[in-house]
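Asker: I'm passing along target.txt; it holds compact mmCIF, C-alpha atoms and all ligand atoms.
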# COMPACT_ATOMS: atom_id res chain seq x y z
CA ALA A 110 68.08 -11.55 8.37
CA SER A 111 70.46 -12.44 5.57
CA ALA A 112 72.39 -14.72 7.95
CA ILE A 113 69.15 -16.51 8.75
CA LYS A 114 68.41 -16.75 5.04
CA ARG A 115 71.83 -18.17 4.29
CA GLY A 116 71.25 -20.73 7.00
CA LEU A 117 68.17 -22.14 5.27
CA SER A 118 68.80 -25.71 4.31
CA SER A 119 68.55 -26.62 0.65
CA SER A 120 67.30 -30.09 1.49
CA ALA A 121 64.02 -31.33 2.96
CA SER A 122 62.90 -29.83 6.22
CA ALA A 123 63.38 -32.49 8.90
CA THR A 124 60.10 -32.24 10.78
CA PRO A 125 56.74 -32.78 9.12
CA ARG A 126 54.63 -29.61 8.99
CA MET A 127 50.99 -29.36 9.95
CA LEU A 128 48.20 -27.32 8.35
CA ASN A 129 44.65 -27.46 9.73
CA GLY A 130 45.51 -30.71 11.48
CA ARG A 131 46.89 -32.33 8.30
CA THR A 132 50.45 -33.46 7.96
CA LEU A 133 51.97 -31.78 4.96
CA ALA A 134 54.48 -33.34 2.64
CA PRO A 135 58.05 -32.17 3.19
CA THR A 136 59.07 -29.15 1.24
CA VAL A 137 62.38 -27.83 0.00
CA ASN A 138 63.62 -24.52 1.31
CA HIS A 139 65.30 -22.34 -1.22
CA SER A 140 69.05 -21.93 -1.39
CA GLY A 141 68.99 -18.73 0.56
CA ASN A 142 70.34 -16.70 -2.35
CA ALA A 143 68.29 -13.54 -2.61
CA GLY A 144 69.22 -13.35 -6.28
CA MET A 145 68.24 -16.80 -7.48
CA LYS A 146 67.79 -17.52 -11.17
CA ILE A 147 64.25 -18.38 -12.21
CA LEU A 148 63.81 -19.66 -15.75
CA ALA A 149 60.43 -19.79 -17.47
CA VAL A 150 59.66 -21.46 -20.79
CA LEU A 151 56.37 -20.07 -22.09
CA TYR A 152 54.72 -19.80 -25.47
CA LYS A 153 55.09 -16.77 -27.71
CA GLY A 154 52.02 -14.56 -27.72
CA GLY A 155 53.01 -12.07 -30.45
CA GLU A 156 50.57 -9.27 -31.26
CA ALA A 157 47.76 -11.08 -29.44
CA ALA A 158 49.69 -10.93 -26.17
CA LYS A 159 50.46 -7.23 -26.62
CA GLN A 160 46.79 -6.49 -27.21
CA GLU A 161 45.46 -8.85 -24.53
CA PRO A 162 47.29 -8.57 -21.20
CA ARG A 163 45.21 -11.44 -19.79
CA LEU A 164 47.28 -13.78 -21.99
CA LEU A 165 49.43 -14.22 -18.90
CA GLY A 166 51.07 -17.50 -19.88
CA THR A 167 53.03 -15.93 -22.74
CA VAL A 168 56.63 -14.81 -23.18
CA GLU A 169 55.35 -11.24 -23.43
CA ASN A 170 53.24 -11.18 -20.28
CA GLN A 171 55.47 -13.52 -18.25
CA LEU A 172 52.81 -14.82 -15.86
CA GLY A 173 52.57 -11.29 -14.49
CA ILE A 174 55.34 -11.89 -11.97
CA ARG A 175 58.40 -10.07 -13.32
CA SER A 176 58.24 -6.96 -11.17
CA TRP A 177 57.32 -9.03 -8.11
CA LEU A 178 60.34 -11.31 -8.63
CA GLU A 179 62.74 -8.50 -9.44
CA SER A 180 61.65 -6.48 -6.42
CA GLN A 181 62.99 -9.39 -4.37
CA GLY A 182 66.31 -9.39 -6.21
CA HIS A 183 65.70 -12.48 -8.34
CA GLU A 184 66.77 -12.88 -11.93
CA TYR A 185 63.88 -13.89 -14.20
CA ILE A 186 64.64 -15.34 -17.63
CA VAL A 187 61.62 -15.93 -19.87
CA THR A 188 61.85 -17.62 -23.26
CA ASP A 189 60.07 -19.74 -25.82
CA ASP A 190 63.39 -20.88 -27.31
CA LYS A 191 63.62 -24.44 -26.04
CA GLU A 192 65.05 -26.82 -28.64
CA GLY A 193 68.70 -27.75 -28.99
CA PRO A 194 71.75 -27.26 -26.78
CA ASN A 195 72.16 -23.59 -27.72
CA SER A 196 68.57 -22.66 -26.93
CA VAL A 197 67.96 -20.15 -24.16
CA PHE A 198 66.24 -22.89 -22.14
CA GLN A 199 69.11 -25.36 -22.37
CA GLN A 200 71.74 -22.70 -21.65
CA HIS A 201 70.08 -21.19 -18.60
CA ILE A 202 68.93 -24.50 -17.11
CA LYS A 203 72.55 -25.09 -16.13
CA ASP A 204 72.39 -22.69 -13.20
CA ALA A 205 68.68 -21.97 -12.69
CA GLU A 206 67.27 -22.81 -9.27
CA VAL A 207 63.62 -22.74 -10.35
CA LEU A 208 62.20 -23.83 -13.69
CA ILE A 209 58.70 -22.77 -14.70
CA THR A 210 57.21 -24.55 -17.71
CA THR A 211 53.82 -24.90 -19.28
CA PRO A 212 52.36 -27.96 -21.01
CA PHE A 213 51.23 -25.79 -23.93
CA HIS A 214 54.78 -25.18 -25.17
CA PRO A 215 56.67 -27.73 -23.12
CA GLY A 216 60.28 -27.22 -22.19
CA TYR A 217 61.24 -30.91 -22.17
CA LEU A 218 63.41 -31.46 -19.08
CA THR A 219 65.05 -34.73 -20.05
CA ARG A 220 67.31 -36.80 -17.80
CA GLU A 221 70.28 -35.42 -19.74
CA LEU A 222 69.21 -31.86 -18.93
CA VAL A 223 68.55 -32.77 -15.30
CA ASP A 224 72.19 -33.91 -15.13
CA LYS A 225 73.29 -30.52 -16.45
CA ALA A 226 70.96 -28.58 -14.15
CA LYS A 227 73.27 -28.64 -11.15
CA ASN A 228 71.46 -25.89 -9.25
CA LEU A 229 67.86 -26.89 -10.02
CA LYS A 230 65.63 -27.47 -6.99
CA VAL A 231 62.07 -26.86 -8.10
CA CYS A 232 60.09 -27.29 -11.30
CA VAL A 233 56.74 -25.53 -11.41
CA THR A 234 54.21 -26.48 -14.07
CA ALA A 235 52.01 -23.48 -14.82
CA GLY A 236 48.99 -25.66 -15.52
CA VAL A 237 48.35 -29.38 -15.04
CA GLY A 238 50.38 -32.30 -16.43
CA SER A 239 54.10 -32.62 -15.75
CA ASP A 240 55.02 -35.43 -18.14
CA HIS A 241 57.44 -33.14 -20.00
CA ILE A 242 59.69 -33.40 -16.95
CA ASP A 243 61.63 -36.65 -16.47
CA LEU A 244 59.96 -37.34 -13.14
CA ASP A 245 62.16 -40.32 -12.24
CA ALA A 246 65.27 -38.19 -12.75
CA ALA A 247 63.70 -35.47 -10.58
CA VAL A 248 63.05 -38.02 -7.83
CA GLU A 249 66.66 -39.17 -7.93
CA ARG A 250 67.98 -35.61 -7.74
CA ASP A 251 65.58 -34.42 -5.01
CA ILE A 252 64.10 -31.88 -7.43
CA GLN A 253 60.52 -31.08 -6.50
CA VAL A 254 57.90 -31.02 -9.26
CA LEU A 255 54.88 -28.90 -8.43
CA GLU A 256 51.87 -28.03 -10.52
CA VAL A 257 48.82 -25.81 -10.12
CA THR A 258 46.49 -28.72 -9.59
CA GLY A 259 42.90 -28.05 -10.53
CA SER A 260 43.71 -24.75 -12.23
CA ASN A 261 42.32 -25.70 -15.63
CA VAL A 262 40.28 -28.85 -15.07
CA THR A 263 36.97 -27.10 -15.76
CA SER A 264 38.45 -25.58 -18.92
CA VAL A 265 39.46 -29.02 -20.18
CA ALA A 266 36.20 -30.73 -19.17
CA GLU A 267 34.28 -28.12 -21.17
CA HIS A 268 36.56 -28.72 -24.15
CA VAL A 269 35.94 -32.47 -23.90
CA MET A 270 32.21 -31.83 -23.98
CA MET A 271 32.65 -29.65 -27.05
CA ASN A 272 34.82 -32.28 -28.76
CA ILE A 273 32.32 -35.06 -28.07
CA LEU A 274 29.45 -33.00 -29.41
CA LEU A 275 31.26 -31.76 -32.51
CA LEU A 276 32.22 -35.30 -33.48
CA VAL A 277 28.88 -36.94 -32.75
CA ARG A 278 26.95 -34.16 -34.49
CA ASN A 279 29.42 -33.98 -37.43
CA PHE A 280 29.92 -30.25 -36.87
CA VAL A 281 33.27 -29.54 -38.54
CA PRO A 282 32.36 -30.69 -42.09
CA ALA A 283 29.02 -28.90 -41.73
CA HIS A 284 30.73 -25.61 -40.93
CA GLU A 285 33.34 -26.09 -43.65
CA MET A 286 30.52 -26.68 -46.16
CA ILE A 287 28.98 -23.34 -45.16
CA GLU A 288 32.30 -21.55 -45.63
CA ARG A 289 32.59 -23.05 -49.11
CA GLY A 290 29.21 -21.52 -49.98
CA GLU A 291 27.49 -24.92 -50.29
CA TRP A 292 24.31 -26.36 -48.75
CA ARG A 293 23.82 -30.16 -48.83
CA VAL A 294 22.08 -31.27 -45.67
CA SER A 295 22.17 -34.99 -46.45
CA ASP A 296 25.94 -35.03 -46.83
CA ILE A 297 26.18 -33.95 -43.19
CA ALA A 298 23.12 -35.68 -41.72
CA ARG A 299 24.23 -39.09 -43.03
CA ASN A 300 26.86 -39.13 -40.29
CA ALA A 301 25.25 -37.00 -37.54
CA PHE A 302 23.82 -38.50 -34.35
CA ASP A 303 22.49 -37.52 -30.93
CA LEU A 304 24.57 -37.90 -27.79
CA GLU A 305 21.53 -39.11 -25.88
CA GLY A 306 21.43 -42.88 -25.50
CA LYS A 307 25.15 -43.47 -26.10
CA VAL A 308 27.62 -45.31 -23.86
CA ILE A 309 30.43 -42.96 -22.89
CA GLY A 310 33.55 -43.91 -20.97
CA THR A 311 36.49 -42.02 -19.50
CA LEU A 312 39.94 -43.54 -19.39
CA GLY A 313 41.14 -41.87 -16.20
CA ALA A 314 38.62 -40.64 -13.67
CA GLY A 315 40.58 -38.04 -11.72
CA ARG A 316 39.66 -34.39 -11.52
CA ILE A 317 38.95 -33.88 -15.22
CA GLY A 318 37.45 -37.32 -15.88
CA ARG A 319 35.02 -36.85 -13.02
CA LEU A 320 33.96 -33.38 -14.20
CA VAL A 321 33.36 -34.78 -17.68
CA LEU A 322 31.14 -37.52 -16.27
CA GLU A 323 29.19 -34.93 -14.27
CA ARG A 324 28.69 -32.79 -17.36
CA LEU A 325 27.59 -35.77 -19.45
CA ARG A 326 24.78 -36.83 -17.14
CA PRO A 327 22.22 -34.24 -18.29
CA PHE A 328 22.58 -35.56 -21.86
CA ASN A 329 20.87 -38.81 -20.79
CA PRO A 330 23.52 -41.27 -21.89
CA LYS A 331 22.66 -44.96 -21.97
CA GLU A 332 25.48 -45.55 -19.52
CA LEU A 333 28.62 -43.86 -18.18
CA LEU A 334 31.73 -46.01 -17.66
CA TYR A 335 35.21 -45.42 -16.31
CA TYR A 336 38.55 -47.20 -16.35
CA ASP A 337 41.08 -46.20 -13.68
CA TYR A 338 43.32 -48.11 -11.28
CA ASN A 339 42.21 -45.65 -8.59
CA PRO A 340 38.48 -46.23 -8.06
CA LEU A 341 36.29 -43.16 -7.65
CA PRO A 342 35.49 -42.38 -4.03
CA ALA A 343 32.02 -43.76 -3.20
CA ASP A 344 30.38 -40.30 -3.01
CA ALA A 345 31.83 -39.25 -6.37
CA ALA A 346 30.81 -42.55 -7.99
CA ALA A 347 27.26 -42.12 -6.70
CA LYS A 348 27.15 -38.50 -7.86
CA VAL A 349 28.15 -39.29 -11.44
CA GLY A 350 26.51 -42.74 -11.59
CA ALA A 351 29.39 -44.30 -13.52
CA ARG A 352 30.23 -48.00 -13.62
CA ARG A 353 33.86 -49.06 -13.29
CA VAL A 354 35.23 -51.53 -15.84
CA GLU A 355 38.51 -53.09 -14.77
CA ASP A 356 39.71 -54.58 -18.05
CA LEU A 357 40.77 -52.03 -20.67
CA LYS A 358 39.71 -54.03 -23.75
CA ASP A 359 36.39 -54.82 -22.14
CA PHE A 360 36.00 -51.12 -21.32
CA VAL A 361 36.64 -49.80 -24.84
CA SER A 362 34.51 -52.52 -26.44
CA GLN A 363 31.45 -51.21 -24.59
CA CYS A 364 31.87 -47.52 -25.40
CA ASP A 365 30.40 -45.50 -28.26
CA ILE A 366 32.65 -42.65 -27.13
CA VAL A 367 35.93 -42.83 -25.21
CA THR A 368 37.45 -39.74 -23.58
CA VAL A 369 41.04 -39.91 -22.35
CA ASN A 370 41.76 -38.10 -19.09
CA ALA A 371 44.86 -39.76 -17.64
CA PRO A 372 48.38 -38.33 -17.38
CA LEU A 373 51.15 -39.49 -19.70
CA HIS A 374 53.53 -41.88 -17.97
CA GLU A 375 55.17 -45.21 -18.76
CA GLY A 376 51.83 -46.99 -18.19
CA THR A 377 49.85 -44.81 -20.63
CA LYS A 378 52.39 -44.04 -23.38
CA GLY A 379 51.10 -45.64 -26.60
CA LEU A 380 48.29 -47.32 -24.68
CA ILE A 381 45.81 -46.61 -27.47
CA ASN A 382 47.40 -48.44 -30.38
CA ALA A 383 46.36 -50.70 -33.26
CA ASP A 384 45.87 -53.65 -30.93
CA LEU A 385 43.51 -51.78 -28.59
CA LEU A 386 41.74 -49.93 -31.42
CA LYS A 387 40.62 -53.33 -32.78
CA HIS A 388 38.60 -53.74 -29.60
CA PHE A 389 36.77 -50.42 -29.98
CA LYS A 390 33.21 -50.59 -31.33
CA LYS A 391 33.27 -50.06 -35.09
CA GLY A 392 32.65 -46.35 -35.71
CA ALA A 393 33.38 -45.25 -32.12
CA TYR A 394 34.60 -41.75 -31.31
CA LEU A 395 37.82 -41.01 -29.44
CA VAL A 396 38.52 -37.72 -27.67
CA ASN A 397 41.95 -37.08 -26.22
CA THR A 398 42.70 -33.83 -24.41
CA ALA A 399 45.12 -35.55 -22.02
CA ARG A 400 48.40 -36.09 -23.90
CA GLY A 401 49.02 -36.91 -27.55
CA ALA A 402 51.53 -39.67 -26.89
CA ILE A 403 48.90 -41.75 -25.05
CA CYS A 404 47.67 -42.57 -28.56
CA ASN A 405 49.86 -44.01 -31.29
CA THR A 406 49.83 -41.37 -34.02
CA GLU A 407 49.89 -43.65 -37.06
CA ASP A 408 47.49 -46.20 -35.58
CA VAL A 409 44.86 -43.57 -34.80
CA ALA A 410 45.19 -42.03 -38.28
CA ALA A 411 44.77 -45.50 -39.85
CA ALA A 412 41.75 -46.32 -37.65
CA LEU A 413 40.06 -43.06 -38.70
CA LYS A 414 40.85 -43.65 -42.35
CA SER A 415 39.39 -47.17 -42.26
CA GLY A 416 36.27 -46.08 -40.38
CA GLN A 417 37.12 -48.18 -37.32
CA LEU A 418 36.97 -44.78 -35.59
CA ASN A 419 34.29 -42.40 -36.86
CA GLY A 420 36.00 -39.44 -35.22
CA TYR A 421 39.04 -38.27 -33.29
CA ALA A 422 39.29 -34.91 -31.53
CA GLY A 423 41.55 -33.24 -29.03
CA ASP A 424 44.19 -30.59 -28.62
CA VAL A 425 47.27 -32.54 -27.56
CA TRP A 426 50.01 -33.90 -29.83
CA ASP A 427 52.98 -36.20 -29.40
CA VAL A 428 55.31 -33.27 -30.23
CA GLN A 429 54.36 -29.67 -29.64
CA PRO A 430 54.25 -27.52 -31.68
CA ALA A 431 53.00 -30.23 -34.05
CA PRO A 432 54.94 -30.30 -37.34
CA LYS A 433 53.12 -29.16 -40.46
CA ASP A 434 53.03 -32.69 -41.87
CA HIS A 435 51.61 -34.31 -38.71
CA PRO A 436 48.99 -36.85 -39.87
CA TRP A 437 46.50 -35.72 -37.23
CA ARG A 438 46.21 -32.33 -38.93
CA TYR A 439 44.73 -33.86 -42.07
CA MET A 440 43.31 -37.30 -41.24
CA LYS A 441 39.66 -37.93 -42.09
CA ASN A 442 37.10 -40.72 -41.87
CA PRO A 443 35.83 -42.33 -45.10
CA LEU A 444 33.10 -39.66 -45.37
CA GLY A 445 35.64 -36.85 -45.22
CA GLY A 446 34.98 -35.71 -41.64
CA GLY A 447 35.66 -36.85 -38.09
CA ASN A 448 38.64 -34.62 -37.33
CA GLY A 449 38.27 -32.20 -34.40
CA MET A 450 41.93 -31.38 -33.77
CA THR A 451 43.09 -27.97 -32.53
CA PRO A 452 46.34 -26.60 -31.13
CA HIS A 453 46.85 -27.22 -27.43
CA TYR A 454 44.64 -24.60 -25.82
CA SER A 455 41.86 -26.29 -23.87
CA GLY A 456 43.55 -25.63 -20.53
CA THR A 457 44.76 -22.14 -21.39
CA THR A 458 41.57 -20.13 -21.69
CA LEU A 459 41.89 -16.64 -20.21
CA ASP A 460 40.03 -17.88 -17.13
CA ALA A 461 42.51 -20.74 -16.74
CA GLN A 462 45.50 -18.44 -17.25
CA ALA A 463 44.40 -16.20 -14.40
CA ARG A 464 44.20 -19.27 -12.14
CA TYR A 465 47.48 -20.90 -13.10
CA ALA A 466 49.39 -17.60 -13.01
CA ALA A 467 48.11 -16.93 -9.49
CA GLY A 468 48.86 -20.53 -8.48
CA THR A 469 52.41 -20.32 -9.83
CA LYS A 470 53.00 -17.15 -7.82
CA GLN A 471 51.69 -18.83 -4.67
CA ILE A 472 53.97 -21.83 -5.18
CA LEU A 473 56.97 -19.53 -5.62
CA GLU A 474 56.05 -17.51 -2.58
CA ASN A 475 55.83 -20.68 -0.49
CA TYR A 476 59.23 -21.72 -1.81
CA PHE A 477 60.89 -18.39 -1.10
CA GLN A 478 59.52 -18.36 2.41
CA GLY A 479 60.28 -22.03 3.12
CA LYS A 480 56.56 -22.74 3.61
CA ALA A 481 54.97 -26.11 2.90
CA GLN A 482 53.35 -26.48 -0.51
CA GLU A 483 49.71 -27.42 -0.90
CA PRO A 484 49.83 -31.28 -0.90
CA ALA A 485 47.64 -31.62 -4.01
CA ASN A 486 50.15 -29.54 -5.98
CA ILE A 487 53.09 -31.87 -5.27
CA ILE A 488 53.71 -34.36 -8.07
CA VAL A 489 57.25 -35.19 -6.96
CA GLY A 490 58.21 -34.27 -3.42
CA VAL A 491 61.66 -34.58 -1.98
CA GLY A 492 62.99 -37.84 -3.38
CA LYS A 493 59.63 -39.47 -4.04
CA TYR A 494 56.39 -39.35 -5.97
CA GLU A 495 53.60 -37.77 -3.94
CA SER A 496 50.92 -38.07 -6.67
CA LYS A 497 49.20 -41.41 -7.29
CA SER A 498 48.28 -40.36 -10.83
CA TYR A 499 51.59 -41.06 -12.59
CA GLY A 500 51.44 -44.87 -12.55
CA GLN A 501 51.13 -47.51 -9.91
CA ARG A 502 54.27 -47.59 -7.78
P1 LIG A 601 44.29 -36.26 -11.93
O1 LIG A 601 45.65 -36.57 -11.37
O2 LIG A 601 43.28 -35.62 -11.05
O3 LIG A 601 43.64 -37.58 -12.53
C1 LIG A 601 44.30 -38.47 -13.36
C2 LIG A 601 43.62 -39.82 -13.23
O4 LIG A 601 44.18 -40.69 -14.22
C3 LIG A 601 43.86 -40.48 -11.87
O5 LIG A 601 42.63 -40.87 -11.30
C4 LIG A 601 44.75 -41.66 -12.21
O6 LIG A 601 44.55 -42.77 -11.34
C5 LIG A 601 44.30 -41.97 -13.62
N1 LIG A 601 45.26 -42.81 -14.34
C6 LIG A 601 46.61 -42.73 -14.35
N2 LIG A 601 47.13 -43.72 -15.09
C7 LIG A 601 46.08 -44.43 -15.57
C8 LIG A 601 45.98 -45.58 -16.39
N3 LIG A 601 47.07 -46.22 -16.84
N4 LIG A 601 44.75 -46.04 -16.68
C9 LIG A 601 43.65 -45.44 -16.21
N5 LIG A 601 43.68 -44.35 -15.40
C10 LIG A 601 44.89 -43.85 -15.10
O7 LIG A 601 44.60 -35.36 -13.21
P2 LIG A 601 43.60 -34.38 -13.97
O8 LIG A 601 43.63 -33.03 -13.35
O9 LIG A 601 42.30 -35.07 -14.14
O10 LIG A 601 44.38 -34.26 -15.37
C11 LIG A 601 44.59 -35.41 -16.18
C12 LIG A 601 45.52 -35.08 -17.31
O11 LIG A 601 44.88 -34.20 -18.23
C13 LIG A 601 46.79 -34.31 -16.91
O12 LIG A 601 47.78 -35.16 -16.39
C14 LIG A 601 47.20 -33.71 -18.22
O13 LIG A 601 48.01 -34.60 -18.95
C15 LIG A 601 45.88 -33.50 -18.95
N6 LIG A 601 45.53 -32.07 -19.03
C16 LIG A 601 45.41 -31.50 -20.28
C17 LIG A 601 45.16 -30.15 -20.39
C18 LIG A 601 45.00 -29.52 -21.73
O14 LIG A 601 45.07 -28.29 -21.84
N7 LIG A 601 44.75 -30.27 -22.78
C19 LIG A 601 45.06 -29.28 -19.21
C20 LIG A 601 45.07 -30.00 -17.95
C21 LIG A 601 45.35 -31.34 -17.89
As structure tokens, what does this structure read like?
Answerer:
Amino acid sequence: ASAIKRGLSSSASATPRMLNGRTLAPTVNHSGNAGMKILAVLYKGGEAAKQEPRLLGTVENQLGIRSWLESQGHEYIVTDDKEGPNSVFQQHIKDAEVLITTPFHPGYLTRELVDKAKNLKVCVTAGVGSDHIDLDAAVERDIQVLEVTGSNVTSVAEHVMMNILLLVRNFVPAHEMIERGEWRVSDIARNAFDLEGKVIGTLGAGRIGRLVLERLRPFNPKELLYYDYNPLPADAAAKVGARRVEDLKDFVSQCDIVTVNAPLHEGTKGLINADLLKHFKKGAYLVNTARGAICNTEDVAAALKSGQLNGYAGDVWDVQPAPKDHPWRYMKNPLGGGNGMTPHYSGTTLDAQARYAAGTKQILENYFQGKAQEPANIIVGVGKYESKSYGQR
């Protein structure tokens, strides 16, 4: 058996595989080393993770796969130490075969680190969103990038709904007033509205964008819009009743509320900047649970301060963890509200963690056994992008 294992090719399998009549994307077989090094960069859970074993995506609970991996002879390194050349991440990436990361505490796999990672064959994102990996460099090196597609889309869509409602209804200042022991209804009501009758648009209408549109319908919006270079399939468009707007400035100028649900790539980085913000309706709301760097940090803070935006909410930041002096922590609209920022947690509810931990294990199992990966999970296959979500190529 070990001879057969050693014989497994480390490059793409030559013949396309079939599953239920579908042709599956090529997959990489593992190196054949029973004792391969698997490196995971996860966030620190501290006392919370000791008390709550369902916090699976933490350094302490290790996605629940340590004994499973070790029983197969693999070495499993888990860390949250990811910055700088002497960090555990940057030391062990040099000979790891598999890298597991999470968007919540991203181990940034830059091109420079890809060059150092001589043995790396597979990157698994425990969650959704693989922009912290230099995907072009992965393509060039035949490193597969896989994610647990769909694992937390409901979690994020629910968070988007919460963010929209808390901004429109001016919830955060109202709650803070209560904590201060005060009671001045007019100070809150002067900037509180109903969601009903508003025009709401999603920038990006993939899995999350579509779920958001579905969840918005019962609120009786005036209209639902979307902006995406991939049009919604006809059945999905009919189900959500959303109108596509093909020009971005035209799109934002029609929306009372914009929700961002596109991945971060070269076509979305800094897309929402001072120039585009000028085209938003005065006093519009912006919700971004996709990636912080899609919005220009300073430009958003200035737009909120001037009242061009009445609110900004989300859980994603251009650098994570966000530094203490990050302007998005403290920015406010002219009435002292309009900030719904949280740490990055919308896609890491306990329900989501159960799903992405199980999905990560399944991806690893497929890899160990040389089985094809689920096509929807393949962002970068062998030497090429498989996903159409990371820019038009
Ligand atoms: P998806 O791949 O199903 O959909 C993404 C959509 O964005 C696609 O329809 C794509 O065509 C569109 N898109 C890409 N570039 C665009 C552009 N320049 N303009 C307009 N549309 C564009 O991905 P899914 O599952 O909906 O997730 C979207 C993103 O949400 C992820 O890539 C990730 O960055 C973020 N996310 C955030 C989480 C959190 O915890 N805050 C958790 C999960 C995902």
Asker: Check the smallest atom-to-atom distance from each of A:Lys470, A:Lys441, A:Arg319, A:Arg464 to Asn279 (chain A) using only C-alpha atoms, then report the winner.
Answerer: A:Lys441
Asker: Check the smallest atom-to-atom distance from each of A:Leu386, A:Lys331, A:Gly238, A:Arg324 to Lys348 (chain A) using all atoms listed in the file, then report the winner.
Answerer: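 That would be A:Arg324, the residue with the smallest distance to Lys348 (chain A).
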Asker: Edge lengths and centre in Å to one decimal, as lines of an AutoDock Vina configuration file, of the axis-aligned box that encloses all listed atoms of ligand LIG 601 (chain A) with 5 Å added on every side?
Answerer:
center_x = 45.2
center_y = -37.3
center_z = -16.9
size_x = 15.7
size_y = 27.9
size_z = 21.7
Asker: Give me, as a count of residues only, the set of residues whose atoms come within 6 Å of any atom of ligand LIG 601 (chain A), counting all atoms listed in the file.
Answerer: 35
Asker: Closest to Asp251 (chain A) among A:Ser362, A:Asn228, A:Asn272, A:Thr234, using all atoms listed in the file?
Answerer: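 Nearest to Asp251 (chain A): A:Asn228.
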Asker: Taking only C-alpha atoms into account, name the residue in A:Asp245, A:Pro330, A:Val150, A:Val308 that is nearest to Leu172 (chain A).
Answerer: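 Looking only at the distances to Leu172 (chain A), the closest residue turns out to be A:Val150.
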Asker: Enter the distance from CA of Gly166 (chain A) to CA of Ala466 (chain A), in Å, rounded to one decimal.
Answerer: 7.1 Å
Asker: Could N, CA and C atoms be built for region 447-462 of chain A and written out as a PDB file, in the frame of the given file?
Answerer:
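What landed in part.pdb:
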ATOM      1  N   GLY A 447      35.169 -36.118 -39.263  1.00  0.00           N
ATOM      2  CA  GLY A 447      35.660 -36.850 -38.090  1.00  0.00           C
ATOM      3  C   GLY A 447      36.952 -36.355 -37.510  1.00  0.00           C
ATOM      4  N   ASN A 448      37.400 -35.143 -37.907  1.00  0.00           N
ATOM      5  CA  ASN A 448      38.640 -34.620 -37.330  1.00  0.00           C
ATOM      6  C   ASN A 448      38.341 -33.335 -36.561  1.00  0.00           C
ATOM      7  N   GLY A 449      38.531 -33.379 -35.242  1.00  0.00           N
ATOM      8  CA  GLY A 449      38.270 -32.200 -34.400  1.00  0.00           C
ATOM      9  C   GLY A 449      39.524 -31.715 -33.705  1.00  0.00           C
ATOM     10  N   MET A 450      40.666 -31.779 -34.416  1.00  0.00           N
ATOM     11  CA  MET A 450      41.930 -31.380 -33.770  1.00  0.00           C
ATOM     12  C   MET A 450      42.122 -29.863 -33.759  1.00  0.00           C
ATOM     13  N   THR A 451      42.725 -29.392 -32.681  1.00  0.00           N
ATOM     14  CA  THR A 451      43.090 -27.970 -32.530  1.00  0.00           C
ATOM     15  C   THR A 451      44.488 -27.903 -31.920  1.00  0.00           C
ATOM     16  N   PRO A 452      45.113 -26.716 -31.932  1.00  0.00           N
ATOM     17  CA  PRO A 452      46.340 -26.600 -31.130  1.00  0.00           C
ATOM     18  C   PRO A 452      46.015 -26.759 -29.645  1.00  0.00           C
ATOM     19  N   HIS A 453      47.033 -26.956 -28.867  1.00  0.00           N
ATOM     20  CA  HIS A 453      46.850 -27.220 -27.430  1.00  0.00           C
ATOM     21  C   HIS A 453      46.390 -25.946 -26.719  1.00  0.00           C
ATOM     22  N   TYR A 454      45.105 -25.814 -26.503  1.00  0.00           N
ATOM     23  CA  TYR A 454      44.640 -24.600 -25.820  1.00  0.00           C
ATOM     24  C   TYR A 454      43.507 -24.854 -24.829  1.00  0.00           C
ATOM     25  N   SER A 455      43.062 -26.110 -24.700  1.00  0.00           N
ATOM     26  CA  SER A 455      41.860 -26.290 -23.870  1.00  0.00           C
ATOM     27  C   SER A 455      42.092 -25.815 -22.431  1.00  0.00           C
ATOM     28  N   GLY A 456      43.294 -26.022 -21.920  1.00  0.00           N
ATOM     29  CA  GLY A 456      43.550 -25.630 -20.530  1.00  0.00           C
ATOM     30  C   GLY A 456      44.165 -24.253 -20.404  1.00  0.00           C
ATOM     31  N   THR A 457      44.153 -23.476 -21.475  1.00  0.00           N
ATOM     32  CA  THR A 457      44.760 -22.140 -21.390  1.00  0.00           C
ATOM     33  C   THR A 457      43.791 -21.052 -21.867  1.00  0.00           C
ATOM     34  N   THR A 458      42.532 -21.219 -21.505  1.00  0.00           N
ATOM     35  CA  THR A 458      41.570 -20.130 -21.690  1.00  0.00           C
ATOM     36  C   THR A 458      42.019 -18.961 -20.804  1.00  0.00           C
ATOM     37  N   LEU A 459      41.489 -17.787 -21.046  1.00  0.00           N
ATOM     38  CA  LEU A 459      41.890 -16.640 -20.210  1.00  0.00           C
ATOM     39  C   LEU A 459      41.527 -16.878 -18.745  1.00  0.00           C
ATOM     40  N   ASP A 460      40.406 -17.564 -18.518  1.00  0.00           N
ATOM     41  CA  ASP A 460      40.030 -17.880 -17.130  1.00  0.00           C
ATOM     42  C   ASP A 460      41.085 -18.790 -16.490  1.00  0.00           C
ATOM     43  N   ALA A 461      41.509 -19.800 -17.266  1.00  0.00           N
ATOM     44  CA  ALA A 461      42.510 -20.740 -16.740  1.00  0.00           C
ATOM     45  C   ALA A 461      43.841 -20.032 -16.498  1.00  0.00           C
ATOM     46  N   GLN A 462      44.208 -19.121 -17.401  1.00  0.00           N
ATOM     47  CA  GLN A 462      45.500 -18.440 -17.250  1.00  0.00           C
ATOM     48  C   GLN A 462      45.549 -17.620 -15.968  1.00  0.00           C
TER      49      GLN A 462
END
